[in-house]
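final10.txt, holding compact mmCIF, C-alpha atoms:
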# COMPACT_ATOMS: atom_id res chain seq x y z
CA MET B 91 0.00 0.00 0.00
CA ASN B 92 1.33 3.43 -0.91
CA GLU B 93 2.36 5.11 2.36
CA ASN B 94 1.03 8.45 1.13
CA PHE B 95 -2.53 7.08 0.99
CA ALA B 96 -2.85 7.97 4.67
CA ASP B 97 -2.27 11.64 3.83
CA ILE B 98 -5.61 11.79 2.06
CA PHE B 99 -7.57 11.58 5.32
CA THR B 100 -5.02 13.06 7.71
CA GLN B 101 -5.84 16.44 9.21
CA THR B 102 -2.94 18.82 9.75
CA ALA B 103 -2.57 21.77 12.12
CA CYS B 104 -3.21 25.31 10.90
CA PRO B 105 -0.10 26.97 9.44
CA SER B 106 1.31 29.99 11.26
CA GLN B 107 0.23 33.45 10.13
CA ASP B 108 3.72 34.08 8.69
CA GLN B 109 3.52 30.86 6.70
CA LEU B 110 0.06 31.71 5.41
CA LEU B 111 1.14 35.18 4.38
CA ALA B 112 4.23 33.79 2.66
CA TYR B 113 1.95 31.34 0.85
CA VAL B 114 -0.34 34.03 -0.58
CA LYS B 115 2.70 36.10 -1.52
CA GLY B 116 4.11 33.12 -3.41
CA GLU B 117 7.27 33.00 -1.29
CA LEU B 118 7.17 29.31 -0.32
CA SER B 119 8.96 26.42 -1.98
CA ALA B 120 6.90 23.81 -3.85
CA GLU B 121 7.18 21.43 -0.90
CA GLU B 122 6.09 24.08 1.62
CA ARG B 123 3.23 25.12 -0.65
CA HIS B 124 2.05 21.53 -0.77
CA GLU B 125 2.10 21.32 3.04
CA VAL B 126 -0.10 24.42 3.30
CA GLU B 127 -2.44 23.17 0.57
CA LEU B 128 -2.81 19.80 2.32
CA HIS B 129 -4.19 21.75 5.26
CA LEU B 130 -6.38 23.99 3.11
CA GLN B 131 -8.23 20.94 1.80
CA ASP B 132 -9.51 20.24 5.31
CA CYS B 133 -9.79 23.65 6.99
CA ASP B 134 -12.63 25.86 5.79
CA MET B 135 -11.48 28.90 7.74
CA CYS B 136 -7.92 28.86 6.38
CA SER B 137 -9.15 28.01 2.91
CA GLU B 138 -11.61 30.93 2.83
CA ALA B 139 -8.98 33.23 4.34
CA VAL B 140 -6.45 32.33 1.66
CA GLU B 141 -9.05 33.00 -1.01
CA GLY B 142 -9.65 36.47 0.43
CA LEU B 143 -5.98 37.27 1.07
CA SER B 144 -5.11 36.33 -2.52
CA ALA B 145 -7.52 39.04 -3.69
CA ILE B 146 -5.68 41.78 -1.77
CA SER B 147 -3.61 43.78 -4.21
CA ARG B 148 -1.09 45.33 -1.77
CA LYS B 149 -0.04 42.23 0.14
CA ASP B 150 3.18 43.84 1.39
CA GLN B 151 1.08 46.25 3.44
CA ILE B 152 -0.83 43.53 5.28
CA PRO B 153 1.57 43.29 8.29
CA GLY B 154 1.38 47.08 8.72
CA TRP B 155 -2.44 47.05 8.59
CA LEU B 156 -2.57 44.29 11.18
CA ARG B 157 -0.16 46.12 13.50
CA GLN B 158 -2.36 49.22 13.28
CA ALA B 159 -5.53 47.18 13.83
CA LYS B 160 -3.96 45.49 16.86
CA TYR B 161 -2.98 48.87 18.30
CA ASN B 162 -6.54 50.19 17.80
CA VAL B 163 -8.15 47.12 19.36
CA LEU B 164 -5.86 47.17 22.40
CA GLN B 165 -6.41 50.93 22.84
CA LYS B 166 -10.20 50.47 22.81
CA LEU B 167 -9.85 47.55 25.17
CA ARG B 168 -7.80 49.65 27.61
CA LYS B 169 -10.41 52.43 27.44
CA ARG B 170 -13.15 49.92 28.17
CA THR B 171 -11.21 48.48 31.10
CA ARG B 172 -10.49 51.97 32.48
CA ARG B 173 -14.17 52.90 32.16
CA ARG B 174 -15.22 49.70 33.90
CA ARG B 175 -12.68 50.24 36.70
CA LYS B 176 -13.85 53.84 37.11
CA THR B 177 -17.48 52.69 37.39
CA ASP B 178 -16.44 50.00 39.90
CA PHE B 179 -14.53 52.64 41.91
CA TYR B 180 -17.52 55.04 42.05
CA LEU B 181 -19.79 52.17 43.02
CA TYR B 182 -17.38 51.24 45.81
CA ILE B 183 -17.25 54.85 47.05
CA ALA B 184 -21.07 55.07 46.98
CA ILE B 185 -21.42 51.85 48.99
CA VAL B 186 -18.83 52.97 51.58
CA THR B 187 -20.52 56.39 51.91
CA LEU B 188 -23.92 54.79 52.43
CA VAL B 189 -22.54 52.40 55.03
CA VAL B 190 -20.87 55.30 56.90
CA ILE B 191 -24.11 57.36 56.81
CA PHE B 192 -26.14 54.41 58.17
CA LEU B 193 -23.56 53.80 60.88
CA LEU B 194 -23.61 57.48 61.92
CA LEU B 195 -27.40 57.48 61.94
CA GLY B 196 -27.33 54.29 64.01
CA PHE B 197 -24.91 55.74 66.53
CA TYR B 198 -26.92 58.96 66.71
CA TRP B 199 -30.16 57.05 67.28
CA ILE B 200 -28.59 54.84 69.99
CA PHE B 201 -27.01 57.88 71.70
CA HIS B 202 -30.28 59.80 71.50
CA PHE B 203 -32.27 56.80 72.82
CA VAL B 204 -29.87 56.21 75.74
CA THR B 205 -29.68 59.90 76.82
CA ALA B 206 -33.48 60.29 76.53
CA ARG B 207 -33.95 57.50 79.10
CA MET L 47 3.12 38.82 35.35
CA ASN L 48 3.55 40.33 31.91
CA PRO L 49 2.76 38.29 28.80
CA SER L 50 5.93 37.65 26.85
CA GLU L 51 7.37 35.24 24.32
CA GLN L 52 7.16 32.35 26.75
CA HIS L 53 3.37 32.73 26.70
CA GLN L 54 3.09 32.34 22.94
CA ASN L 55 2.56 28.62 23.44
CA LEU L 56 -0.49 29.03 25.66
CA SER L 57 -3.70 27.65 24.19
CA ASP L 58 -6.49 30.00 23.09
CA GLN L 59 -8.58 28.93 26.03
CA GLU L 60 -5.80 29.61 28.54
CA LEU L 61 -5.30 33.09 27.08
CA LEU L 62 -9.00 33.82 27.38
CA GLN L 63 -9.08 32.60 30.96
CA ARG L 64 -6.11 34.78 31.87
CA TYR L 65 -7.74 37.79 30.22
CA LYS L 66 -10.98 37.15 32.11
CA ALA L 67 -9.01 36.86 35.36
CA ASP L 68 -6.78 39.94 35.18
CA GLY L 69 -8.18 42.02 32.27
CA ASN L 70 -4.68 42.40 30.80
CA GLY L 71 -5.06 43.26 27.11
CA ASP L 72 -1.69 41.70 26.26
CA TRP L 73 -3.28 38.25 26.42
CA ILE L 74 -5.69 39.40 23.73
CA GLY L 75 -2.71 40.75 21.77
CA ILE L 76 -1.38 37.19 21.46
CA LEU L 77 -4.77 35.95 20.28
CA PHE L 78 -4.96 38.84 17.81
CA ASP L 79 -1.60 37.84 16.32
CA ARG L 80 -2.93 34.31 15.83
CA TYR L 81 -6.20 35.17 14.13
CA ALA L 82 -6.05 38.65 12.60
CA LEU L 83 -4.65 37.50 9.26
CA LEU L 84 -7.27 34.77 8.97
CA LEU L 85 -10.01 37.26 9.80
CA LEU L 86 -8.68 39.75 7.27
CA GLY L 87 -8.71 37.09 4.55
CA LEU L 88 -12.15 35.87 5.55
CA CYS L 89 -13.62 39.39 5.56
CA MET L 90 -11.95 40.17 2.26
CA LYS L 91 -13.46 37.03 0.73
CA TYR L 92 -16.98 38.06 1.67
CA LEU L 93 -16.83 41.85 1.53
CA LYS L 94 -14.51 42.18 -1.50
CA ASN L 95 -13.26 45.52 -0.21
CA GLU L 96 -9.90 46.03 1.51
CA GLU L 97 -10.98 48.93 3.71
CA ASP L 98 -14.20 47.25 4.86
CA ALA L 99 -12.23 44.07 5.57
CA ARG L 100 -9.67 45.96 7.69
CA ASP L 101 -12.40 47.70 9.70
CA SER L 102 -14.26 44.45 10.14
CA VAL L 103 -11.23 42.70 11.69
CA GLN L 104 -11.29 45.25 14.53
CA GLN L 105 -15.07 45.16 14.90
CA ILE L 106 -15.13 41.36 15.05
CA PHE L 107 -12.40 41.26 17.68
CA LEU L 108 -14.13 43.85 19.83
CA LYS L 109 -17.45 42.01 19.49
CA VAL L 110 -15.81 38.75 20.49
CA LEU L 111 -14.20 40.41 23.51
CA SER L 112 -17.45 41.96 24.70
CA ASP L 113 -19.19 38.57 24.39
CA ILE L 114 -16.41 36.69 26.13
CA HIS L 115 -17.97 37.02 29.59
CA LYS L 116 -21.36 35.81 28.37
CA HIS L 117 -20.17 32.52 26.82
CA ASP L 118 -18.03 29.63 27.88
CA VAL L 119 -15.86 29.28 24.80
CA VAL L 120 -14.43 25.80 24.28
CA TYR L 121 -13.04 26.10 20.78
CA PHE L 122 -12.10 29.71 20.08
CA LYS L 123 -11.24 29.26 16.42
CA ALA L 124 -14.64 27.82 15.49
CA TRP L 125 -16.34 30.53 17.53
CA ILE L 126 -14.48 33.45 16.00
CA TYR L 127 -15.02 31.91 12.56
CA GLN L 128 -18.78 31.85 13.16
CA VAL L 129 -18.79 35.41 14.53
CA ALA L 130 -16.75 36.63 11.55
CA ARG L 131 -19.00 34.96 8.99
CA ASN L 132 -22.12 36.30 10.66
CA HIS L 133 -20.60 39.78 10.78
CA CYS L 134 -19.75 39.70 7.07
CA LEU L 135 -23.15 38.30 6.11
CA MET L 136 -24.84 41.02 8.16
CA GLN L 137 -22.71 43.66 6.45
CA LEU L 138 -23.61 42.28 3.05
CA ARG L 139 -27.30 42.18 3.93
CA HIS L 140 -27.10 45.67 5.32
CA HIS L 141 -25.36 47.16 2.29
CA LYS L 142 -26.71 45.14 -0.56
CA GLU L 143 -29.83 43.52 0.93
CA LEU L 144 -28.72 40.19 -0.33
CA GLU L 145 -30.39 37.03 0.86
CA LEU L 146 -27.60 34.61 1.64
CA LYS L 147 -28.08 31.13 2.89
CA GLU L 148 -26.54 30.25 6.23
CA ASP L 149 -26.63 26.50 5.91
CA TYR L 150 -23.03 26.02 6.87
CA MET L 151 -21.49 25.47 10.29
CA PRO L 152 -17.77 25.68 11.00
CA GLY L 153 -15.66 22.93 12.47
CA THR L 154 -16.05 22.28 16.15
CA ALA L 155 -13.86 20.77 18.80
CA GLN L 156 -15.42 17.38 18.17
CA GLN L 157 -13.86 17.26 14.73
CA GLU L 158 -10.42 17.12 16.28
CA ASP L 159 -11.26 14.18 18.43
CA ILE L 160 -10.50 11.05 16.44
CA SER L 161 -11.18 7.90 18.42
CA THR L 162 -9.23 4.63 18.18
CA GLU L 163 -12.21 3.09 16.45
CA ALA L 164 -11.97 5.77 13.80
CA TYR L 165 -8.29 4.92 13.22
CA VAL L 166 -9.10 1.22 12.76
CA GLN L 167 -11.89 2.13 10.40
CA LYS L 168 -9.47 4.38 8.52
CA ASP L 169 -6.95 1.55 8.15
CA ASN L 170 -9.64 -0.72 6.74
CA MET L 171 -10.66 1.99 4.31
CA LEU L 172 -7.10 2.57 3.12
CA GLU L 173 -6.78 -1.10 2.07
CA HIS L 174 -9.06 -0.42 -0.87
CA MET L 175 -7.61 2.94 -1.82
CA GLU L 176 -6.06 1.79 -5.10
CA GLN L 177 -9.32 0.20 -6.21
CA ALA L 178 -11.30 3.30 -5.23
CA LEU L 179 -8.89 5.59 -7.04
CA GLY L 180 -9.49 3.53 -10.16
CA GLU L 181 -13.22 4.25 -9.93
CA LEU L 182 -12.84 8.03 -9.84
CA ASN L 183 -13.23 9.91 -13.09
CA LYS L 184 -10.00 10.64 -14.95
CA GLU L 185 -9.63 14.28 -13.88
CA GLN L 186 -10.32 13.63 -10.20
CA ALA L 187 -8.02 10.58 -10.10
CA THR L 188 -5.19 12.53 -11.77
CA CYS L 189 -5.46 15.49 -9.42
CA VAL L 190 -5.82 13.37 -6.27
CA ARG L 191 -2.80 11.24 -7.23
CA MET L 192 -0.65 14.23 -8.05
CA PHE L 193 -1.65 16.15 -4.92
CA TYR L 194 -1.63 13.45 -2.26
CA LEU L 195 0.66 10.77 -3.64
CA GLU L 196 3.19 12.79 -5.61
CA LYS L 197 2.95 15.75 -3.17
CA LYS L 198 2.68 18.37 -5.87
CA SER L 199 1.36 21.87 -5.18
CA TYR L 200 -1.76 23.28 -6.90
CA GLN L 201 0.46 25.36 -9.14
CA GLU L 202 2.52 22.39 -10.31
CA ILE L 203 -0.65 20.44 -11.05
CA THR L 204 -2.11 23.28 -13.10
CA GLU L 205 1.13 23.54 -15.06
CA GLN L 206 1.31 19.83 -15.77
CA THR L 207 -2.35 19.13 -16.51
CA GLY L 208 -3.50 22.36 -18.11
CA PHE L 209 -6.46 22.57 -15.68
CA THR L 210 -7.22 25.93 -14.07
CA LEU L 211 -6.48 26.48 -10.37
CA LEU L 212 -10.19 26.37 -9.54
CA GLN L 213 -10.61 23.12 -11.45
CA VAL L 214 -7.65 21.56 -9.63
CA LYS L 215 -9.04 22.52 -6.22
CA SER L 216 -12.48 21.27 -7.14
CA TYR L 217 -11.21 17.95 -8.60
CA ILE L 218 -9.18 17.31 -5.43
CA GLN L 219 -12.05 18.17 -3.13
CA ASN L 220 -14.67 16.19 -5.05
CA GLY L 221 -12.23 13.34 -5.64
CA LYS L 222 -11.53 13.12 -1.93
CA ARG L 223 -15.24 13.14 -1.10
CA ASN L 224 -15.97 10.41 -3.67
CA LEU L 225 -13.05 8.35 -2.39
CA LYS L 226 -14.47 8.49 1.11
CA ILE L 227 -17.89 7.38 -0.12
CA LEU L 228 -16.38 4.50 -2.14
CA LEU L 229 -14.12 3.37 0.72
CA GLU L 230 -17.00 3.42 3.20
CA LYS L 231 -19.02 1.33 0.76
CA TYR L 232 -16.19 -1.23 0.48
CA SER L 233 -15.83 -1.36 4.28
CA LYS L 234 -19.56 -2.03 4.70
CA ASN L 235 -19.51 -4.79 2.05
CA LYS L 236 -16.51 -6.39 3.77
CA ARG L 237 -18.39 -6.57 7.07
Could you write out this structure as structure tokens?
Amino acid sequence: MNENFADIFTQTACPSQDQLLAYVKGELSAEERHEVELHLQDCDMCSEAVEGLSAISRKDQIPGWLRQAKYNVLQKLRKRTRRRRKTDFYLYIAIVTLVVIFLLLGFYWIFHFVTAR
Amino acid sequence: MNPSEQHQNLSDQELLQRYKADGNGDWIGILFDRYALLLLGLCMKYLKNEEDARDSVQQIFLKVLSDIHKHDVVYFKAWIYQVARNHCLMQLRHHKELELKEDYMPGTAQQEDISTEAYVQKDNMLEHMEQALGELNKEQATCVRMFYLEKKSYQEITEQTGFTLLQVKSYIQNGKRNLKILLEKYSKNKR
């Protein structure tokens, strides 16, 4: 039995992003291309992504776009986290203030009750 | 602890758990590096516009991150794939009012789990591979042999056969599907 028969139904791991980008830019050797294509036959996400990436005209700019997108996402994420922390902080202050007010009222009421007797 | 190179090997799920625990965006940065290119390609495939695709990558990631606390994500890749496809389909509907079918579901964690029984079944199937290959039509058999047995790339196959790239991909895919059907039939007959 041909030992390569097993390859037909063997699933491989997703290639790295660098490998995938090199593939669409046509920078891989024939052997490396075949390895990526073996995976593409079984992975719908990678296969659809390669189809889309191949349609991008300025492929050299892709790493720059992704760096910018990452920066934007992380900035927005930090803003969200800061906003959430701020809200949590105000909530904490409000709870502490209420507790202090209730305690003062309690003490006042007890003091008033005791002195009245 | 700051995420660094030593954390690149953490699984998607571990990164998500760490992000949920300490809210450190750097964990998400590692996930972004893993999936941004795939998302860009996917969005480009559906939206056919570079600028829309670039914007969508960010929107999808932010959507995923805001939903992270609502769902218990087991297989991040399948999840983000589904979110990305839905996002693109919504965009297309919104802009072009196209009615697109959503009859397709992405791979799930279960697909990765191949049991011992499946391996035995696979071995039995492979016994009849040569016979099954003989039953494929000429184009499919040629492409499957060249791709899987001779380990040629799509480009080499197109050069040697004269088929277009789309034809080569389609012959391999259909050939593989037909092979599976034939081999399952042989296995059943054997039993």
For Leu111 in chain L, work out the shell of residues within 12 Å, counting only C-alpha atoms and skipping chain neighbours fewer than 4 positions away, then give it as a PDB file with C-alpha atoms, in the frame of the given file.
ATOM      1  CA  VAL B 163      -8.150  47.120  19.360  1.00  0.00           C
ATOM      2  CA  LEU B 164      -5.860  47.170  22.400  1.00  0.00           C
ATOM      3  CA  LYS B 166     -10.200  50.470  22.810  1.00  0.00           C
ATOM      4  CA  LEU B 167      -9.850  47.550  25.170  1.00  0.00           C
ATOM      5  CA  ARG B 168      -7.800  49.650  27.610  1.00  0.00           C
ATOM      6  CA  ARG B 170     -13.150  49.920  28.170  1.00  0.00           C
ATOM      7  CA  THR B 171     -11.210  48.480  31.100  1.00  0.00           C
TER       8      THR B 171
ATOM      9  CA  LEU L  62      -9.000  33.820  27.380  1.00  0.00           C
ATOM     10  CA  GLN L  63      -9.080  32.600  30.960  1.00  0.00           C
ATOM     11  CA  TYR L  65      -7.740  37.790  30.220  1.00  0.00           C
ATOM     12  CA  LYS L  66     -10.980  37.150  32.110  1.00  0.00           C
ATOM     13  CA  GLY L  69      -8.180  42.020  32.270  1.00  0.00           C
ATOM     14  CA  GLY L  71      -5.060  43.260  27.110  1.00  0.00           C
ATOM     15  CA  TRP L  73      -3.280  38.250  26.420  1.00  0.00           C
ATOM     16  CA  ILE L  74      -5.690  39.400  23.730  1.00  0.00           C
ATOM     17  CA  GLY L  75      -2.710  40.750  21.770  1.00  0.00           C
ATOM     18  CA  LEU L  77      -4.770  35.950  20.280  1.00  0.00           C
ATOM     19  CA  PHE L  78      -4.960  38.840  17.810  1.00  0.00           C
ATOM     20  CA  GLN L 104     -11.290  45.250  14.530  1.00  0.00           C
ATOM     21  CA  GLN L 105     -15.070  45.160  14.900  1.00  0.00           C
ATOM     22  CA  ILE L 106     -15.130  41.360  15.050  1.00  0.00           C
ATOM     23  CA  PHE L 107     -12.400  41.260  17.680  1.00  0.00           C
ATOM     24  CA  HIS L 115     -17.970  37.020  29.590  1.00  0.00           C
ATOM     25  CA  LYS L 116     -21.360  35.810  28.370  1.00  0.00           C
ATOM     26  CA  HIS L 117     -20.170  32.520  26.820  1.00  0.00           C
ATOM     27  CA  VAL L 119     -15.860  29.280  24.800  1.00  0.00           C
ATOM     28  CA  PHE L 122     -12.100  29.710  20.080  1.00  0.00           C
ATOM     29  CA  TRP L 125     -16.340  30.530  17.530  1.00  0.00           C
ATOM     30  CA  ILE L 126     -14.480  33.450  16.000  1.00  0.00           C
ATOM     31  CA  VAL L 129     -18.790  35.410  14.530  1.00  0.00           C
TER      32      VAL L 129
END
Within 6 Å of chain B: residues of chain L, using only C-alpha atoms, as JSON, numbers by chain: {"L": [84, 87, 88, 90, 91, 195, 199]}
Would you mind exporting the chosen residues as a short mmCIF file (atom, residue, chain, number, x, y, z; two decimals), in the coordinates of the input, restricted to C-alpha atoms?
data_model
loop_
_atom_site.label_atom_id
_atom_site.label_comp_id
_atom_site.auth_asym_id
_atom_site.auth_seq_id
_atom_site.Cartn_x
_atom_site.Cartn_y
_atom_site.Cartn_z
CA LEU L 84 -7.27 34.77 8.97
CA GLY L 87 -8.71 37.09 4.55
CA LEU L 88 -12.15 35.87 5.55
CA MET L 90 -11.95 40.17 2.26
CA LYS L 91 -13.46 37.03 0.73
CA LEU L 195 0.66 10.77 -3.64
CA SER L 199 1.36 21.87 -5.18
#
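Straight-line separation from CA of Thr102 in chain B to CA of His129 in chain B: 5.5 Å.
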Interatomic distance (Å, one decimal) between CA of Tyr113 in chain B and CA of Leu83 in chain L: 12.3 Å
